[in-house]
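Chemist: This structure is in structure tokens; I'll ask about it shortly.
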Amino acid sequence: MSAVDTAVAPAAVRSTLAADADSLRARLTRRVQHGGWFVAPFLALFALFVLLPIGRGLWLSFTDANISGTGARFVGLDNYREALASPLLWDSLGHSAYFTLLVVPCIVVLAFLLAMLAHHIERAKWLWRLCFFAPFLLPSTVAGNLWQWLFNPATGMINHVFGLDTPWLTQKSTALLAVVITTLWWTVGFSFLLFLAALQSIPRHLYEAAELDGAGAWQRMVHITLPMLRNITGLVITLQILASLQVFDQAVVMQDFGPGPEESTRTFVQYTLEEGFTSYRVGYASAISIIFFVLIAAVALGRMWLLRKREEGVR
Amino acid sequence: MSPPLPSRRGVLGSIGALAVAGSFGLAAANRSASAIASDADVRVRYWNLFSGGDGANMIAMLDAFRAANPRADVKDSTLQWGNPYYTKLAMAASGNRAPDLAVMHLGRIPGFAPGQLLDPWDVRLLAKYGVREADFDPVLWKRALIDGKLYGLPLDIHAQLCFYRKDICQKAGLLDADGDLADVTSPEEWFKALKAAKKAVKGDVHTIGIKADEPNFSWWFFLSFYTQLGGTCLSADGRDVTFETDKATQVLEFLRRHLTDGFSTAIGIADAEAFVNGSAFTWEGNWSVPVFSGAKLKYGATPLPPVFGRPATHTESHCFVLPHQSRRGGATNEGAHQLAAYVVKNATAWARGGHIPAHLPTLDDKKYLALKPQSEYVSAMDHMAVEPSAWFAGSTGLLAQRIGPVIASANVGSAKPDATARRMKDVLEQLVAMKNPMEGRSATEGGSAA
């Protein structure tokens with residue numbers, strides 16, 4: 001039908017085409033009507049709890065609003081100017097970025113190794129899986145407090161076991177590292193689970209065929225396992241980058257709500273919280289949240305763009 | 001013949017019906033329970049930030065109030081102190097869901113938008129329940145006044161103290177004829193005393209715990225000695241920075257020397273534990289009294305040593321406040337006044353936690369005088385070193401949050417004292433230039449700081 005030139009087509013064909021278009025339109029309308037009702041609750045909640053707050057935050061970022069919400073004045077780009085000139089903003093952003101740089105590669109490698117282990121172990125499979133995944137179920141306050149004890153230089157287990165004398169949480173050089181270690185233990189379970197699921201979905205016959213061809217364990221790993229896990233690795237990296245940039249709760253708990261020794265563990269989210277809720281500068285805090293939002297969105301989009309480019313390259 | 005099995009739908013239906021009926025039953029039971037509770041005439045919702053020994057003391061005082069006033073129903077909530085507490089209180093007040101009564105630090109009042117997030121006290125109503133201005137230290141009372149209205153009813157003063165082990169100091173020859181710590185009036189004398197004490201200390205505990213790496217304590221100790229030197233942070237109207245870097249450097253060098261001369265350590269070993277285990281001294285808040293008394297130590301406590309000549313020790317105060325309610329008044333408001341007045345007047349129980357009662361007549365109470373070492377450091381009230389009166393100051397406020405870590409970095413040796421003093425001045429200048437978010441004007445633009 002598409003090949004027919006409608007302008008010169010005979011009347012009968014034209015009317016059939018029109019009827020087709022009508023029925024298509026009706027079908028579409030019907031589908032939107034029916035589907036629309038299914039999507040509506042989600043859209044309503046999304047608008048109410050995501051779009052509306054983002055819009056309001058954007059508006060507040062151009063005002064000098066305080067916590068009481070009264071008497072806010074429009075101040076244009078003042079908040080953004082102040083934020084970009086503030087050393088605290090850059091310091092805290094640096095801490096979040098440094099944390100991300102440390103955590104992401106470690107999590108990916110660790111989660112992969114644990115998943116391989118859990119996948120190949122034959123006895124008490126469930127126990128291993130539970131052990132690796134269980135910490136992820138803890139609330140951040142529990143994980144933070146637990147490791148605060150473990151890192152206690154006088155009574156903590158870490159110094160005791162390794163025969164150290166390190167004041168982990170109270171010196172600049174180790175404070176953020178302690179948060180990284182805590183985070184690895186606490187969150188590796190999630191990525192571990194993703195890797196494990198992906199490992200289990202690799203067809204066994206690939207390995208059998210490779211074995212028949214005389215491929216050793218290392219070759220099977222490099223030529224089957226790793227390529228088959230490429231997509232899930234991409235996903236784990238993206239999710240971890242986004243989560244790590246937003247690091248906040250465990251750092252705050254481990255430093256008793258302070259910014260850490262020489263302000264070395266103040267993360268970007270913590271800085272936002274301080275401005276909004278300690279200083280009551282809601283307008284300014286909104287501006288830095290928007291800056292952060294744009295940064296994170298850029299990272300996520302950049303990652304997607306890279307992924308797509310690679311897929312195109314593969315094709 | 002077996003009875004007919006119930007259909008799946010039937011079973012689900014019955015379960016649903018039971019659940020609905022059950023919930024009605026529970027609701028009815030709840031209603032009757034709350035009806036019993038609301039038998040009281042007045043219900044006062046009260047928020048505080050007291051945990052540990054202070055929390056237990058406060059609960060005991062509330063129980064005593066309840067026993068004395070059966071018509072009042074006090075619903076108290078204890079929240080985590082520090083920033084989380086102030087955030088919740090501010091949000092509750094701005095969202096018009098504020099409790100009827102709350103506890104705050106006196107230094108935080110100027111930043112808590114008096115008139116906007118806080119309501120003023122009705123002084124006549126307080127007098128009706130037996131609390132008057134004349135019963136308080138004038139300095140303390142004045143700090144609670146904003147534009148002539150009373151926004152905080154002081155409950156106590158808590159001070160940074162110098163705790164000393166009498167057994168060790170005796171051996172080191174540091175006690176006077178009365179068995180108290182002999183006076184020191186210069187840094188040299190102080191370090192000489194520490195040197196003597198170090199020889200008398202057994203085991204591997206340090207001579208004195210000064211919490212060198214803790215931002216809040218670092219700021220409080222700094223402020224104490226800086227005030228001893230006559231230093232100030234801001235002008236009286238809060239608009240100008242009057243911080244003197246040379247005096248600050250002197251204080252920072254003094255604090256640092258505790259570590260470089262080997263009397264203290266920055267590796268975060270809990271100072272209270274070390275003191276219990278045999279350190280000669282520790283500088284700690286007076287709230288450590290129950291810990292040390294509980295450990296049955298022979299110890300004494302004085303305000304921080306006046307090494308720079310004039311005595312001054314950092315103090316803050318807990319005070320009662322009325323969080324803003326758009327329709328404050330009536331019996332509940334009066335109940336809040338009555339409860340606050342009751343606790344303030346009966347502060348001997350409160351003093352067991354180590355705090356100095358703000359209500360002066362309590363200080364003459366025999367039961368209070370019998371509390372040792374509580375009654376030994378009352379002089380801290382006569383030379384209070386307090387944070388400047390500004391919207392960003394007060395316990396765990398923005399000033400402490402920004403300036404504490406700077407001082408701690410000098411204490412532990414990762415920054416030089418003179419550079420640190422200059423950085424502290426920068427912090428103050430940045431804060432003064434910042435707009436008071438609750439007023440929309442910066443101090444330099446004419447926004448009043450207090």
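Numbering starts fresh at 1 for the residues of each chain in the structure tokens, the chains themselves are lettered A, B, ... in the order given, and ligands are numbered from 1 as they appear.
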Using the chain letters and numbers from this document, which residues of range 135-291 of chain B does DSSP assign to alpha helix (DSSP H), as a PyMOL selection string?
Modeler: chain B and resi 138-143+166-171+187-200+215-228+245-260+271-276+289-291
Chemist: Pick out each residue of range 161-267 of chain B that DSSP on the backbone tags as strand (DSSP E); I need them as a PyMOL selection string.
Modeler: chain B and resi 161-165+208-209
Chemist: Write the residues you've just listed into a file as a JSON list (two decimals), in the first residue's frame, and include N, CA, C and O atoms for each of them.
Modeler:
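The file below, selection.json, is the result:
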```
[["chain", "number", "residue", "atom", "x", "y", "z"],
["B", 161, "LEU", "N", 35.74, 21.91, 81.73],
["B", 161, "LEU", "CA", 36.42, 21.86, 83.01],
["B", 161, "LEU", "C", 37.77, 21.17, 82.88],
["B", 161, "LEU", "O", 38.02, 20.43, 81.94],
["B", 162, "CYS", "N", 38.60, 21.45, 83.90],
["B", 162, "CYS", "CA", 39.85, 20.73, 84.02],
["B", 162, "CYS", "C", 39.66, 19.69, 85.14],
["B", 162, "CYS", "O", 39.60, 20.04, 86.32],
["B", 163, "PHE", "N", 39.51, 18.43, 84.75],
["B", 163, "PHE", "CA", 39.38, 17.35, 85.73],
["B", 163, "PHE", "C", 40.77, 16.88, 86.11],
["B", 163, "PHE", "O", 41.65, 16.73, 85.25],
["B", 164, "TYR", "N", 40.99, 16.65, 87.39],
["B", 164, "TYR", "CA", 42.31, 16.16, 87.81],
["B", 164, "TYR", "C", 42.16, 15.03, 88.81],
["B", 164, "TYR", "O", 41.25, 15.01, 89.63],
["B", 165, "ARG", "N", 43.07, 14.05, 88.70],
["B", 165, "ARG", "CA", 43.06, 12.90, 89.61],
["B", 165, "ARG", "C", 43.80, 13.32, 90.86],
["B", 165, "ARG", "O", 45.00, 13.62, 90.81],
["B", 208, "ILE", "N", 47.52, 14.25, 79.87],
["B", 208, "ILE", "CA", 46.27, 15.02, 79.83],
["B", 208, "ILE", "C", 45.55, 14.76, 78.51],
["B", 208, "ILE", "O", 46.18, 14.65, 77.45],
["B", 209, "GLY", "N", 44.25, 14.62, 78.59],
["B", 209, "GLY", "CA", 43.44, 14.46, 77.38],
["B", 209, "GLY", "C", 42.85, 15.81, 77.01],
["B", 209, "GLY", "O", 42.19, 16.44, 77.83]]
```
Chemist: Each residue of chain A lying at most 6 Å from chain B should get a row with its shortest atom-to-atom pair and the distance in Å to one decimal, counting only C-alpha atoms; could you produce that, ordered by chain and increasing number, as a Markdown table?
Modeler:
```
| residue | atom | partner | partner_atom | distance |
| --- | --- | --- | --- | --- |
| A:Asn66 | CA | B:Pro437 | CA | 5.4 |
| A:Ser68 | CA | B:Ser94 | CA | 4.6 |
| A:Ala154 | CA | B:Ile269 | CA | 5.8 |
| A:Pro167 | CA | B:Ile267 | CA | 5.1 |
| A:Glu262 | CA | B:Pro405 | CA | 5.1 |
| A:Phe277 | CA | B:Thr87 | CA | 5.6 |
| A:Arg281 | CA | B:Pro437 | CA | 5.5 |
```
Chemist: Write the residues of the preceding selection, restricted to N, CA and C atoms, as an mmCIF file, in the first residue's frame.
Modeler:
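Listed below is the output, out-v1.cif:
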```
data_model
loop_
_atom_site.group_PDB
_atom_site.id
_atom_site.type_symbol
_atom_site.label_atom_id
_atom_site.label_comp_id
_atom_site.auth_asym_id
_atom_site.auth_seq_id
_atom_site.Cartn_x
_atom_site.Cartn_y
_atom_site.Cartn_z
ATOM 1 N N ASN A 66 14.506 31.096 52.800
ATOM 2 C CA ASN A 66 15.031 30.444 54.000
ATOM 3 C C ASN A 66 14.127 29.269 54.355
ATOM 4 N N SER A 68 11.895 28.817 56.556
ATOM 5 C CA SER A 68 10.495 29.049 56.915
ATOM 6 C C SER A 68 9.650 29.296 55.673
ATOM 7 N N ALA A 154 41.764 2.529 69.618
ATOM 8 C CA ALA A 154 42.159 1.899 70.873
ATOM 9 C C ALA A 154 41.470 0.551 71.073
ATOM 10 N N PRO A 167 44.957 6.039 63.709
ATOM 11 C CA PRO A 167 43.710 6.714 64.094
ATOM 12 C C PRO A 167 42.824 6.911 62.865
ATOM 13 N N GLU A 262 39.979 17.755 59.446
ATOM 14 C CA GLU A 262 40.325 18.792 58.456
ATOM 15 C C GLU A 262 39.340 18.801 57.291
ATOM 16 N N PHE A 277 20.017 23.069 55.821
ATOM 17 C CA PHE A 277 19.370 22.774 57.095
ATOM 18 C C PHE A 277 20.134 23.221 58.326
ATOM 19 N N ARG A 281 19.732 28.186 54.544
ATOM 20 C CA ARG A 281 19.758 28.919 53.280
ATOM 21 C C ARG A 281 19.206 28.026 52.172
#
```
Chemist: Quick one: residues within 10 Å of range 343-354 of chain B, only C-alpha atoms counted, chain neighbours fewer than 4 positions away excluded, as a ChimeraX atom specification?
Modeler: /B:52-58,60-62,64-65,129-131,135,153-159,285-291,319-320,338-339,358-363,365-369,371-375,377
Chemist: Using only C-alpha atoms, which residues sit within 7 Å of Ala285 in chain A once same-chain residues fewer than 2 positions away are excluded, as a PyMOL selection string?
Modeler: chain A and resi 272+275-276+281-283+287-289
Chemist: Quick one, how far is CA of Gly76 in chain A from CA of Tyr280 in chain A?
Modeler: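 CA of Gly76 in chain A sits 18.8 Å away from CA of Tyr280 in chain A.
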Chemist: I'd like to know which of B:Ala197, B:Ala400, B:Glu188, B:Thr302 is closest to Ser379 in chain B, using only C-alpha atoms.
Modeler: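 Checking each candidate against Ser379 in chain B, we get B:Thr302 as the closest.
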Chemist: List the spatial neighbours of Trp149 in chain A as a list in words - criterion: any atom at most 12 Å away, only C-alpha atoms, same-chain residues fewer than 4 positions off excluded.
Modeler: Val142, Ala143, Gly144, Asn145, Pro153, Ala154, Thr155, Gly156, Met157, Ile158, Asn159, His160, Pro167, Trp168, Leu169, Ala178, Thr182, Val253, Met254 and Gln255 of chain A
